Structure formats: C-alpha cells, structure tokens
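J.: Here you go, input26.txt (compact mmCIF, C-alpha atoms and all ligand atoms):
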```
# COMPACT_ATOMS: atom_id res chain seq x y z
CA MET A 1 0.00 0.00 0.00
CA ALA A 2 1.47 3.33 -1.02
CA LYS A 3 1.84 5.79 1.78
CA GLN A 4 -0.34 8.84 1.61
CA ASP A 5 1.24 12.24 1.30
CA TYR A 6 1.74 13.88 4.70
CA TYR A 7 0.30 17.18 3.58
CA GLU A 8 -2.78 15.43 2.16
CA LEU A 9 -3.19 13.49 5.38
CA LEU A 10 -3.33 16.67 7.37
CA GLY A 11 -5.35 18.42 4.67
CA VAL A 12 -2.98 21.36 4.35
CA GLU A 13 -1.15 23.01 1.47
CA LYS A 14 2.54 22.32 0.90
CA THR A 15 3.12 25.95 1.80
CA ALA A 16 1.27 25.69 5.12
CA THR A 17 2.81 27.50 8.08
CA ASP A 18 3.74 25.71 11.30
CA VAL A 19 0.68 27.19 12.96
CA GLU A 20 -1.62 25.89 10.21
CA ILE A 21 -0.06 22.44 10.44
CA LYS A 22 -0.44 22.33 14.18
CA LYS A 23 -4.05 23.48 13.95
CA ALA A 24 -4.88 20.86 11.32
CA TYR A 25 -3.23 18.10 13.35
CA ARG A 26 -4.94 19.15 16.52
CA ALA A 27 -8.38 18.93 14.90
CA LEU A 28 -7.65 15.51 13.38
CA ALA A 29 -6.03 14.13 16.51
CA MET A 30 -9.04 15.13 18.56
CA LYS A 31 -11.35 13.50 16.02
CA TYR A 32 -9.48 10.20 15.71
CA HIS A 33 -8.05 9.88 19.21
CA PRO A 34 -8.42 6.25 20.39
CA ASP A 35 -10.04 7.39 23.64
CA ARG A 36 -12.85 8.91 21.64
CA ASN A 37 -13.19 5.95 19.27
CA PRO A 38 -12.80 2.89 21.45
CA GLY A 39 -12.33 -0.29 19.44
CA ASP A 40 -12.43 1.54 16.10
CA LYS A 41 -9.41 0.17 14.23
CA GLU A 42 -9.84 2.54 11.33
CA ALA A 43 -9.83 5.60 13.56
CA GLU A 44 -6.77 4.26 15.34
CA LEU A 45 -4.92 3.81 12.08
CA LYS A 46 -5.92 7.26 10.93
CA PHE A 47 -4.77 8.67 14.24
CA LYS A 48 -1.38 7.03 13.84
CA GLU A 49 -1.07 8.28 10.28
CA VAL A 50 -1.85 11.89 11.08
CA THR A 51 0.42 11.76 14.13
CA GLU A 52 3.25 10.45 12.01
CA ALA A 53 2.63 13.17 9.43
CA TYR A 54 2.62 15.82 12.12
CA GLU A 55 5.76 14.45 13.73
CA ILE A 56 7.60 15.05 10.47
CA LEU A 57 6.03 18.29 9.32
CA LYS A 58 6.34 20.10 12.64
CA ASP A 59 10.09 19.69 12.53
CA GLY A 60 11.78 22.08 10.12
CA GLN A 61 14.62 19.72 9.30
CA LYS A 62 12.49 16.65 8.83
CA ARG A 63 9.98 18.62 6.81
CA ALA A 64 12.73 19.82 4.48
CA ALA A 65 13.97 16.24 4.06
CA TYR A 66 10.42 15.10 3.33
CA ASP A 67 9.84 17.88 0.79
CA ARG A 68 12.97 16.79 -0.97
CA TYR A 69 12.91 13.02 -0.82
CA GLY A 70 9.34 12.15 0.15
CA HIS A 71 8.73 9.11 2.33
CA ALA A 72 12.07 7.66 1.27
CA ALA A 73 13.69 10.18 3.63
CA PHE A 74 12.44 8.19 6.61
CA SER A 75 12.11 4.68 5.28
CA GLN A 76 15.11 3.24 7.10
CA GLY A 77 13.87 0.49 9.37
CA ALA A 78 10.29 1.62 9.17
CA GLY A 79 9.00 -1.76 7.99
CA ALA A 80 8.45 -4.33 10.66
CA GLY A 81 8.04 -1.99 13.58
CA GLY A 82 5.25 -0.08 11.94
CA PHE A 83 4.80 3.41 13.18
CA GLY A 84 7.05 4.40 15.99
CA GLY A 85 10.05 2.78 14.33
CA GLY A 86 11.65 4.52 11.51
CA PHE A 87 13.31 7.74 12.30
CA GLY A 88 16.60 6.22 13.34
CA GLY A 89 18.58 7.94 16.01
CA PHE A 90 16.16 10.40 17.44
CA ASN A 91 15.41 10.66 21.06
CA PHE A 92 12.41 8.83 22.30
CA ASP A 93 10.47 8.55 25.47
CA PHE A 94 9.31 5.50 27.23
CA GLY A 95 7.20 4.79 30.24
CA GLY A 96 5.13 7.59 28.82
CA ASN A 97 1.42 7.67 28.10
CA ALA A 98 0.97 6.38 24.60
CA GLY A 99 4.01 4.39 23.62
CA GLY A 100 5.84 6.03 20.79
CA PHE A 101 3.90 9.26 20.82
CA GLY A 102 4.93 10.38 24.31
CA SER A 103 6.60 13.62 23.42
CA ILE A 104 4.00 14.72 20.91
CA PHE A 105 1.29 14.17 23.42
CA GLU A 106 3.04 16.38 25.83
CA ASP A 107 3.41 19.11 23.22
CA ILE A 108 -0.11 19.08 22.00
CA PHE A 109 -2.34 17.63 24.64
CA SER A 110 -0.88 19.51 27.55
CA GLU A 111 -1.98 22.56 25.63
CA PHE A 112 -5.54 21.24 25.22
CA MET A 113 -5.87 20.04 28.76
CA GLY A 114 -3.64 22.69 30.27
CA GLY A 115 -5.87 25.59 29.41
CA ALA A 116 -7.89 27.22 32.13
CA ALA A 117 -7.93 24.30 34.56
CA GLY A 118 -4.18 23.89 34.50
CA ARG A 119 -3.46 27.52 35.09
CA GLY A 120 -5.97 27.75 37.92
CA ARG A 121 -4.22 24.98 39.75
CA ALA A 122 -0.84 26.57 39.32
CA GLN A 123 -2.04 29.74 40.97
CA GLN A 124 -3.64 28.06 43.94
CA SER A 125 -0.47 26.38 45.11
CA ALA A 126 2.98 27.56 44.26
CA GLY A 127 3.94 23.93 43.64
CA ARG A 128 7.37 23.66 42.18
CA ARG A 129 8.34 20.88 39.85
CA GLY A 130 11.15 18.67 41.09
CA ALA A 131 14.52 18.77 39.39
CA ASP A 132 15.36 16.45 36.51
CA ILE A 133 18.08 13.90 37.11
CA ARG A 134 20.67 12.76 34.66
CA TYR A 135 22.03 9.24 34.84
CA ASP A 136 24.85 8.10 32.62
CA LEU A 137 24.80 4.43 31.76
CA GLU A 138 27.58 2.64 29.98
CA ILE A 139 26.71 -0.59 28.19
CA THR A 140 28.50 -2.97 25.85
CA LEU A 141 27.74 -3.33 22.18
CA GLU A 142 26.39 -6.83 22.87
CA GLU A 143 23.97 -5.32 25.40
CA ALA A 144 22.95 -2.63 22.92
CA PHE A 145 22.29 -5.37 20.38
CA ALA A 146 20.13 -7.53 22.62
CA GLY A 147 18.61 -4.90 24.89
CA LEU A 148 18.72 -5.39 28.62
CA LYS A 149 16.98 -4.99 31.93
CA LYS A 150 19.13 -3.27 34.46
CA GLU A 151 18.80 -2.17 38.03
CA ILE A 152 20.21 1.25 38.64
CA GLU A 153 20.60 3.15 41.85
CA ILE A 154 20.08 6.88 41.88
CA GLN A 155 20.53 9.42 44.62
CA THR A 156 17.44 11.55 44.55
CA ALA A 157 15.23 13.78 46.65
CA VAL A 158 11.99 12.06 47.66
CA GLN A 159 9.06 13.38 49.57
CA CYS A 160 9.68 13.39 53.34
CA ASP A 161 7.60 10.59 54.85
CA GLU A 162 7.56 12.28 58.26
CA CYS A 163 5.61 15.37 57.15
CA GLY A 164 4.23 14.11 53.86
CA GLY A 165 6.15 16.81 52.01
CA SER A 166 4.59 19.74 53.84
CA GLY A 167 7.81 20.55 55.69
CA THR A 168 5.93 21.25 58.92
CA GLU A 169 6.31 19.45 62.24
CA LYS A 170 3.43 17.14 63.16
CA GLY A 171 0.45 19.02 64.60
CA SER A 172 1.52 22.38 63.16
CA LYS A 173 0.70 24.06 59.90
CA ALA A 174 2.40 26.45 57.59
CA GLU A 175 1.25 30.02 58.25
CA THR A 176 0.45 32.80 55.86
CA CYS A 177 3.52 34.89 55.22
CA ASP A 178 3.34 38.29 56.97
CA MET A 179 5.60 39.95 54.48
CA CYS A 180 3.51 39.30 51.37
CA HIS A 181 0.20 38.38 53.02
CA GLY A 182 0.21 35.05 51.21
CA THR A 183 0.52 36.38 47.67
CA GLY A 184 4.12 35.25 47.29
CA ARG A 185 5.04 38.55 45.61
CA VAL A 186 6.22 41.83 47.02
CA ARG A 187 5.97 45.22 45.33
CA ARG A 188 8.13 48.20 45.84
CA GLN A 189 8.11 51.71 44.47
CA ALA A 190 11.29 52.31 42.49
CA GLY A 191 11.22 55.83 41.13
CA PHE A 192 8.27 55.99 38.71
CA PHE A 193 7.96 52.26 38.54
CA ILE A 194 6.53 49.62 40.72
CA GLU A 195 8.81 46.67 40.93
CA GLU A 196 7.36 43.27 41.70
CA ARG A 197 9.41 40.25 42.69
CA PRO A 198 9.06 36.97 44.59
CA CYS A 199 8.75 37.44 48.32
CA PRO A 200 12.16 36.95 49.95
CA THR A 201 10.68 35.70 53.23
CA CYS A 202 8.62 32.81 51.84
CA HIS A 203 10.44 32.43 48.50
CA GLY A 204 7.22 33.01 46.61
CA THR A 205 5.20 30.29 48.29
CA GLY A 206 3.07 32.68 50.34
CA GLN A 207 3.54 30.56 53.42
CA VAL A 208 6.13 30.28 56.15
CA ILE A 209 6.89 27.29 58.29
CA LYS A 210 7.39 28.30 61.92
CA ASN A 211 7.78 24.72 63.16
CA PRO A 212 9.83 22.95 60.53
CA CYS A 213 9.80 19.16 60.34
CA LYS A 214 12.92 17.82 62.04
CA LYS A 215 13.57 15.14 59.50
CA CYS A 216 13.64 17.35 56.39
CA LYS A 217 14.33 20.71 58.09
CA GLY A 218 11.24 22.18 56.49
CA THR A 219 12.16 21.41 52.88
CA GLY A 220 9.58 18.60 52.57
CA LYS A 221 12.19 16.46 50.85
CA VAL A 222 14.87 14.06 51.94
CA SER A 223 17.78 12.71 49.96
CA GLN A 224 17.52 9.01 49.36
CA LYS A 225 18.92 6.24 47.25
CA LYS A 226 16.35 4.76 44.96
CA THR A 227 16.64 1.56 42.98
CA LEU A 228 14.92 1.38 39.63
CA GLU A 229 14.68 -1.35 37.09
CA ILE A 230 15.03 0.04 33.61
CA ASN A 231 14.51 -1.57 30.25
CA ILE A 232 17.07 -0.64 27.65
CA PRO A 233 15.55 -1.48 24.26
CA ALA A 234 17.52 -3.43 21.66
CA GLY A 235 19.24 -1.26 19.08
CA ILE A 236 19.95 1.67 21.37
CA ASP A 237 22.88 3.86 20.45
CA SER A 238 25.00 6.44 22.19
CA ASP A 239 22.94 9.29 20.72
CA ASN A 240 19.78 8.04 22.37
CA ARG A 241 18.45 9.43 25.57
CA MET A 242 15.65 7.87 27.55
CA ARG A 243 13.21 9.74 29.70
CA LEU A 244 11.49 8.16 32.68
CA SER A 245 8.65 10.48 33.39
CA GLY A 246 8.19 11.43 37.05
CA GLN A 247 11.27 9.54 38.26
CA GLY A 248 13.29 12.67 38.99
CA GLU A 249 13.38 14.58 42.25
CA ALA A 250 10.17 15.12 44.18
CA GLY A 251 8.36 18.39 43.60
CA ALA A 252 7.77 20.92 46.37
CA ASN A 253 4.39 22.02 47.71
CA GLY A 254 2.54 19.43 45.69
CA GLY A 255 4.39 20.21 42.49
CA PRO A 256 5.06 17.32 40.10
CA ASN A 257 8.20 15.21 40.18
CA GLY A 258 10.98 15.92 37.76
CA ASP A 259 12.02 13.38 35.14
CA LEU A 260 14.92 10.98 35.03
CA TYR A 261 17.02 11.10 31.88
CA ILE A 262 19.20 8.17 31.05
CA PHE A 263 22.08 8.94 28.75
CA VAL A 264 23.28 5.75 27.18
CA HIS A 265 26.90 5.32 26.18
CA VAL A 266 27.82 2.27 24.17
CA LYS A 267 31.41 1.24 24.84
CA PRO A 268 33.73 0.73 21.88
CA HIS A 269 33.93 -2.93 20.91
CA PRO A 270 37.27 -4.69 20.44
CA ILE A 271 36.19 -6.25 17.12
CA PHE A 272 33.14 -4.51 15.72
CA LYS A 273 32.70 -0.94 14.61
CA ARG A 274 29.13 0.26 14.41
CA ASP A 275 27.76 2.36 11.60
CA GLY A 276 24.08 2.83 12.34
CA ALA A 277 22.53 -0.60 11.88
CA ASP A 278 25.59 -2.10 10.23
CA LEU A 279 28.71 -3.51 11.78
CA HIS A 280 32.19 -3.61 10.31
CA CYS A 281 35.15 -5.72 11.28
CA ASP A 282 38.63 -6.49 10.01
CA ILE A 283 39.52 -10.17 10.00
CA PRO A 284 43.13 -11.30 9.61
CA VAL A 285 43.70 -13.98 6.98
CA SER A 286 46.94 -15.87 6.62
CA MET A 287 48.90 -15.31 3.42
CA THR A 288 48.36 -18.92 2.36
CA THR A 289 44.59 -18.92 3.01
CA ALA A 290 44.33 -15.67 1.07
CA ALA A 291 46.22 -17.18 -1.85
CA LEU A 292 44.69 -20.67 -1.83
CA GLY A 293 41.21 -19.86 -0.52
CA GLY A 294 39.51 -21.44 2.49
CA THR A 295 36.96 -20.74 5.18
CA ILE A 296 37.28 -18.92 8.47
CA GLU A 297 34.91 -18.78 11.37
CA ILE A 298 33.78 -15.38 12.53
CA PRO A 299 32.11 -14.48 15.86
CA CYS A 300 28.91 -12.48 15.45
CA ILE A 301 27.36 -9.89 17.75
CA ASP A 302 24.38 -12.18 18.45
CA GLY A 303 26.74 -14.79 19.95
CA THR A 304 26.61 -17.15 16.97
CA LYS A 305 29.49 -18.03 14.67
CA GLU A 306 29.44 -17.74 10.91
CA LYS A 307 31.64 -19.53 8.39
CA VAL A 308 32.96 -17.14 5.78
CA THR A 309 34.44 -18.28 2.51
CA VAL A 310 37.76 -16.71 1.59
CA SER A 311 38.08 -17.02 -2.15
CA ALA A 312 41.43 -17.89 -3.67
CA GLY A 313 43.44 -14.76 -4.42
CA THR A 314 41.83 -12.57 -1.76
CA GLN A 315 43.51 -9.19 -1.25
CA THR A 316 43.66 -7.00 1.81
CA GLY A 317 40.63 -4.71 1.89
CA GLU A 318 38.27 -7.06 0.09
CA GLU A 319 34.96 -7.32 1.84
CA VAL A 320 32.12 -9.77 2.27
CA ARG A 321 28.70 -8.86 3.53
CA LEU A 322 26.80 -11.08 5.96
CA ARG A 323 23.15 -10.11 5.78
CA LYS A 324 21.24 -9.63 9.01
CA LYS A 325 24.32 -10.18 11.15
CA GLY A 326 24.65 -6.52 12.12
CA MET A 327 22.92 -4.50 14.84
CA SER A 328 19.29 -4.56 15.83
CA VAL A 329 17.34 -1.41 15.03
CA LEU A 330 15.55 0.56 17.71
CA GLN A 331 11.79 -0.07 17.82
CA SER A 332 11.95 -2.29 14.77
CA LYS A 333 12.42 -5.93 13.93
CA SER A 334 14.96 -5.29 11.21
CA VAL A 335 18.63 -6.10 11.64
CA GLY A 336 21.59 -4.55 9.84
CA ASP A 337 24.43 -6.31 8.04
CA LEU A 338 27.94 -7.30 9.00
CA PHE A 339 30.77 -6.29 6.67
CA VAL A 340 33.87 -8.41 7.03
CA ARG A 341 37.04 -6.93 5.59
CA PHE A 342 40.00 -9.21 5.05
CA LYS A 343 43.46 -8.26 6.12
CA VAL A 344 46.13 -10.49 4.65
CA GLU A 345 48.89 -11.11 7.16
CA THR A 346 52.49 -11.53 6.16
CA PRO A 347 54.27 -14.08 8.36
CA THR A 348 57.10 -12.64 10.42
CA LYS A 349 58.76 -15.61 12.05
CA LEU A 350 59.76 -18.11 9.39
CA THR A 351 61.54 -21.38 9.97
CA ALA A 352 64.49 -22.24 7.74
CA LYS A 353 62.28 -24.68 5.86
CA GLN A 354 59.53 -22.12 5.31
CA LYS A 355 62.09 -19.64 3.99
CA GLU A 356 63.40 -22.26 1.58
CA LEU A 357 59.87 -23.05 0.40
CA LEU A 358 59.08 -19.39 -0.12
CA LYS A 359 62.27 -18.91 -2.11
CA GLN A 360 61.28 -21.82 -4.31
CA PHE A 361 57.82 -20.31 -4.59
CA ASP A 362 59.32 -16.99 -5.59
CA ALA A 363 61.55 -18.54 -8.26
CA GLU A 364 58.51 -20.34 -9.62
CA SER A 365 56.31 -17.25 -9.76
CA ALA A 366 58.36 -14.29 -10.93
CA ASP A 367 55.55 -12.95 -13.13
CA ASN A 368 52.66 -14.17 -11.09
CA SER A 369 51.58 -11.04 -9.31
CA PRO A 370 49.41 -8.94 -11.63
CA GLU A 371 49.24 -5.88 -9.38
CA SER A 372 52.95 -5.53 -8.85
CA ALA A 373 53.68 -6.32 -12.51
CA GLY A 374 51.45 -3.38 -13.47
CA PHE A 375 53.16 -1.23 -10.88
CA PHE A 376 56.66 -1.96 -12.20
CA GLU A 377 55.55 -1.18 -15.75
CA LYS A 378 54.34 2.24 -14.58
CA LEU A 379 57.55 2.78 -12.65
CA LYS A 380 59.64 2.02 -15.73
CA ASP A 381 57.59 4.52 -17.75
CA MET A 382 58.14 7.18 -15.14
CA LEU A 383 61.87 6.62 -15.06
CA LYS A 384 62.04 6.78 -18.88
CA LYS A 385 60.20 10.11 -18.95
CA ALA A 386 62.37 11.51 -16.18
CA GLY A 387 65.51 10.10 -17.80
ZN ZN B 401 5.95 35.96 51.64
ZN ZN B 402 9.59 16.49 56.70
```
Kindly return the structure encoded in the file as structure tokens.

T.:
Amino acid sequence: MAKQDYYELLGVEKTATDVEIKKAYRALAMKYHPDRNPGDKEAELKFKEVTEAYEILKDGQKRAAYDRYGHAAFSQGAGAGGFGGGFGGFNFDFGGNAGGFGSIFEDIFSEFMGGAAGRGRAQQSAGRRGADIRYDLEITLEEAFAGLKKEIEIQTAVQCDECGGSGTEKGSKAETCDMCHGTGRVRRQAGFFIEERPCPTCHGTGQVIKNPCKKCKGTGKVSQKKTLEINIPAGIDSDNRMRLSGQGEAGANGGPNGDLYIFVHVKPHPIFKRDGADLHCDIPVSMTTAALGGTIEIPCIDGTKEKVTVSAGTQTGEEVRLRKKGMSVLQSKSVGDLFVRFKVETPTKLTAKQKELLKQFDAESADNSPESAGFFEKLKDMLKKAG
C-alpha cells in the first residue's frame, strides 16, 4: 500500500505554516483519538497516520527532508516496527502515556488540557516541579544489540515521609507569610515604577513554616537512594536518551516530580565498529589462506558463529557482507548487516624450511603477481620520462 502524502493526510497546502499544520493536526487528533473511538481500528490507524505526518512536518529539518525526498527520507527500518520505528537515532520517550507518541502528546495535549484548569491549579499552590536527574549508563555493544533490563541506583530527593512533604512538624501548619500576606510577591516603588518580585521571606510560596519538620528541616524532601529497574531497548545507540517520566526529584508544595534522563553510552567494541545498523570488522587472513582460498569462522554480535568463505586470491581490503548479522534497530524488527574486511597477514617468524619453500615459490612465480607487474611497468615509464 502506497503511503499517503503527509500534507494530504493533514489536509494542508505544501506551503502551510507551522501554525496551520499544528491546527490541522490538533483537529484531526481530537477526532481520531483512540479514547474517543474505542475499538475503532480505522480511527486508530488514521490517528497514527496523522500523528506520524505531524511528527515530520512540525520539525523544520524533517519537513525539508520530506519535501525533498518524500517518504524515502524516513524509510530506514520503518518496515516491521510499523509506526514508531523509523526515524533512526532520534530521542524517544518510554514509560510515557501512549508508547511512541509520548513527546508529541506532551506538546499538544498539555496545551488542550492545560488551558484554564491547569493555570488555575498553578495559581492556587505555588507547587514547584522537582529537578530532573541525569544518569549516565555505559553498556557494551552486545547489550545494545540484545537490549537489557538493568537495576540502577540513583541518589534523589523524595518526599519526606515524616511530614508528607509539607515541611511542617506534626500538629503544626504552615502560616500565611506576613511579608507578602500570602501572595508570594512583594511590590516596591522604584522611582516611577513599581517593581514586583518573589517574596524573599517565603520564596514566593506565600507561606512560612514556623515549626519545621525535624527530619527534612522544612524542605519537605529528603535525599535518598532509589533503585529502579530500567529496560534498555535493543538497538539503542550512544545518541539516544531515555526519559522516565516522574522519576526525577520530588516536587515541592505538591508540584510534580521531575524526570529521570538516562544517557546511554555504548562502549567501543574490540572487534566490531558500528555504523548505524551495520557492523564492520577487520579479520586477519593468513597469506596462504588468502592465496589458496579457504573458510574462516567469525564471531557475530548475536553470539553465533558464521563460516565465511575466503576465495582464492583474496587481497587486503576485500569485503564480504553477511546479511542480518549486524545491529538490531531501535523499535523495529529489522537487523543490519555485518561487513567483514579481510586483512592479509604476512608471516614474520619463518623457519628455515619455510624460507626455503618461499624462495622456491618466488623462483617459480616471478611474473605471477598482476598488481605488482602493473606497478613496475608504470615505474619504468616514469623513469624513462624523467631520464
Ligand atoms: Zn511571603
Ligand atoms: Zn519532613
């Protein structure tokens, strides 16, 4: 089935502005959202299609690539994984609300839902969002290939269990700040102007704690080690960053938790070099195997071994391609290829007998090396011209 044009899907002109594109997507996403069409497969498909179209067209760079190359610009690995796969190498979220669409939902739907209700809430309590945490995780290439479950330990600020995050000692309550009368802001005449700033006494919360909780010293938070089990998906690369929503530091005054960002670093591998989905390796081949031909066994990233045929007369730099023996692709079932490059090794420690045999071989084969014969011809020409 041919893929429909992204602009047609959203019902906008090719010249549409970002605002027009967003507006069109918003209307369609509301119409086809799975929550509004339970069990309706067609609506679900439509929803995925328009979301995919929007994902591309909202991004200046991706839109330019699409305008130029069409769907081919994003076809890498899009097959088996269906939507959500595809766009190799961009950051993705997991543990989020709707699988692959996490970030888009935050963009768009927080705006829908946010509206009046959201703002009202923000004004009632000066809840502050907790800080985000960064965690750097180093994994091997084998682990990146297969994916892994890993327990990590993070030092984070969690809500104080003694006071439930209020920061006040049991039996007491926070009191309205005298300085700002609970508004959290103070105003001051500065020449002709009135300057407004957060209240220095209550730090903008509008409340002061006269009897702070002993455990958290009134902050409502305590530092704690937290153990989390995380799932690193197969095919992850060093450019990828994972977000675990709400796993950052606790918020203050009822504010939401921050997020935990996991920065993945894939360690260099002693044998394989990664190039997106493909792997490359150099395999040494003895001089005799290269000349006579043979087979060698090669270890693969998936733990299996592959027999590779070395054809007679193999030169250094010649390559064979083992299909589907490369890396797994993020959010997709496809697998890249392995490119094996031969490196012919010249023996260094020869026995007297080997030397003798090679001398005999040399006497036998004076004109048997096409490359060097050609080279010496050229050299002679050069010397003649120079002469
Ligand atoms: Zn105050
Ligand atoms: Zn406390």

J.: Please produce, as a tab-separated table, a per-residue contact table for chain A versus ligand ZN 401 (chain B) (criterion: any atom at most 8 Å away, only C-alpha atoms and all ligand atoms considered), showing the nearest atom pair and its distance in Å to one decimal, sorted by chain then residue number.

T.:
```
residue	atom	partner	partner_atom	distance
A:Thr176	CA	B:ZN401	ZN	7.6
A:Cys177	CA	B:ZN401	ZN	4.5
A:Asp178	CA	B:ZN401	ZN	6.4
A:Met179	CA	B:ZN401	ZN	4.9
A:Cys180	CA	B:ZN401	ZN	4.1
A:His181	CA	B:ZN401	ZN	6.4
A:Gly182	CA	B:ZN401	ZN	5.8
A:Thr183	CA	B:ZN401	ZN	6.7
A:Gly184	CA	B:ZN401	ZN	4.8
A:Arg185	CA	B:ZN401	ZN	6.6
A:Val186	CA	B:ZN401	ZN	7.5
A:Pro198	CA	B:ZN401	ZN	7.8
A:Cys199	CA	B:ZN401	ZN	4.6
A:Pro200	CA	B:ZN401	ZN	6.5
A:Thr201	CA	B:ZN401	ZN	5.0
A:Cys202	CA	B:ZN401	ZN	4.1
A:His203	CA	B:ZN401	ZN	6.5
A:Gly204	CA	B:ZN401	ZN	6.0
A:Thr205	CA	B:ZN401	ZN	6.6
A:Gly206	CA	B:ZN401	ZN	4.6
A:Gln207	CA	B:ZN401	ZN	6.2
A:Val208	CA	B:ZN401	ZN	7.3
```

J.: Using all atoms of range 44-54 of chain A that appear in the file, construct an axis-aligned enclosing box with 4 Å of padding on every side and provide its centre coordinates and edge lengths in Å, rounded to one decimal, as AutoDock Vina command-line options.

T.:
```
--center_x -1.8 --center_y 9.8 --center_z 12.4 --size_x 18.0 --size_y 20.0 --size_z 13.9
```

J.: Can you work out which residues are within 10 Å of ligand ZN 402 (chain B), considering only C-alpha atoms and all ligand atoms, and then hand them over as a list in words?

T.: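 Result of the 10 Å neighbour search around ligand ZN 402 (chain B): Gln159, Cys160, Asp161, Glu162, Cys163, Gly164, Gly165, Ser166, Gly167, Thr168, Glu169, Lys170, Pro212, Cys213, Lys214, Lys215, Cys216, Lys217, Gly218, Thr219, Gly220, Lys221 and Val222 of chain A.
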
J.: Set the distance at 10 Å and use only C-alpha atoms: which residues neighbour Asp259 in chain A once local chain neighbours fewer than 6 positions away are removed? I'd like the list as an NGL selection string.

T.: :A and (129-134 or 243-250)

J.: Could you take the residues named above and write them with C-alpha atoms, as a compact mmCIF listing (two decimals), in the frame of the given file?

T.:
```
# COMPACT_ATOMS: atom_id res chain seq x y z
CA ARG A 129 8.34 20.88 39.85
CA GLY A 130 11.15 18.67 41.09
CA ALA A 131 14.52 18.77 39.39
CA ASP A 132 15.36 16.45 36.51
CA ILE A 133 18.08 13.90 37.11
CA ARG A 134 20.67 12.76 34.66
CA ARG A 243 13.21 9.74 29.70
CA LEU A 244 11.49 8.16 32.68
CA SER A 245 8.65 10.48 33.39
CA GLY A 246 8.19 11.43 37.05
CA GLN A 247 11.27 9.54 38.26
CA GLY A 248 13.29 12.67 38.99
CA GLU A 249 13.38 14.58 42.25
CA ALA A 250 10.17 15.12 44.18
```

J.: So how many Å separate CA of Ala72 in chain A and CA of Tyr32 in chain A, to one decimal?

T.: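 Between CA of Ala72 in chain A and CA of Tyr32 in chain A the gap is 26.1 Å.
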
J.: How far is it from CA of Phe74 in chain A to CA of Gln61 in chain A, in Å with one decimal?

T.: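 These two atoms are separated by 12.0 Å.
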
J.: Skipping near chain neighbours, those fewer than 6 positions away, what residues fall within 9 Å of range 295-305 of chain A using all atoms listed in the file, listed as a list in words?

T.: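 Neighbouring residues, sequence-local ones excluded: Leu141, Glu142, Phe145, Ala146, Phe272, Leu279, Ile283, Val285, Thr289, Ser311, Lys325, Gly326, Met327, Leu338 and Val340 of chain A.
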
J.: Using only C-alpha atoms for the distances, tell me which of A:Gly235, A:Gly254, A:Ala386, A:Gln4 is nearest to Gly336 in chain A.

T.: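 Among A:Gly235, A:Gly254, A:Ala386, A:Gln4, it is A:Gly235 that comes nearest to Gly336 in chain A.
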
J.: For each of A:Ser238, A:Thr316, A:Ser332, A:Thr348, take the minimum atom-to-atom distance to Ala291 in chain A, counting only C-alpha atoms, then give the residue where this is smallest.

T.: A:Thr316

J.: I'd like the neighbourhood of Leu228 in chain A as number ranges by chain, where a residue qualifies if any of its atoms comes within 10 Å (using only C-alpha atoms), though same-chain residues fewer than 6 positions away should be ignored.

T.: A: 150-154, 247

J.: May I ask which of the residues A:Val320, A:Val344, A:Ala43, A:Val266 is the closest one to Ala290 in chain A, counting all atoms listed in the file?

T.: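 Ranking A:Val320, A:Val344, A:Ala43, A:Val266 by distance to Ala290 in chain A, first place goes to A:Val344.
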
J.: Of the candidates A:Lys385, A:His265, A:Arg68, A:Lys343, which shows the shortest atom-to-atom distance to Cys281 in chain A, using only C-alpha atoms?

T.: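 Using only C-alpha atoms, Cys281 in chain A sits closest to A:Lys343.
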
J.: Hey, can you check how far CA of Arg341 in chain A sits from CA of Ile139 in chain A?

T.: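 Pair CA of Arg341 in chain A / CA of Ile139 in chain A returns 25.6 Å.
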
J.: Using all atoms listed in the file, list the residues that have an atom at most 8 Å from (32.1, -21.1, 4.1), coordinates as in the file, as a ChimeraX atom specification.

T.: /A:294-296,307-310

J.: Which of these residues is nearest to Lys267 in chain A, using all atoms listed in the file: A:Met382, A:Leu57, A:Ala144, A:Leu45?

T.: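 Using all atoms listed in the file, Lys267 in chain A sits closest to A:Ala144.
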
J.: Tell me which of A:Gly127, A:Met242, A:Phe375, A:Phe193 sits closest to Gly255 in chain A, counting all atoms listed in the file.

T.: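 Under the stated criterion, the closest residue is A:Gly127.
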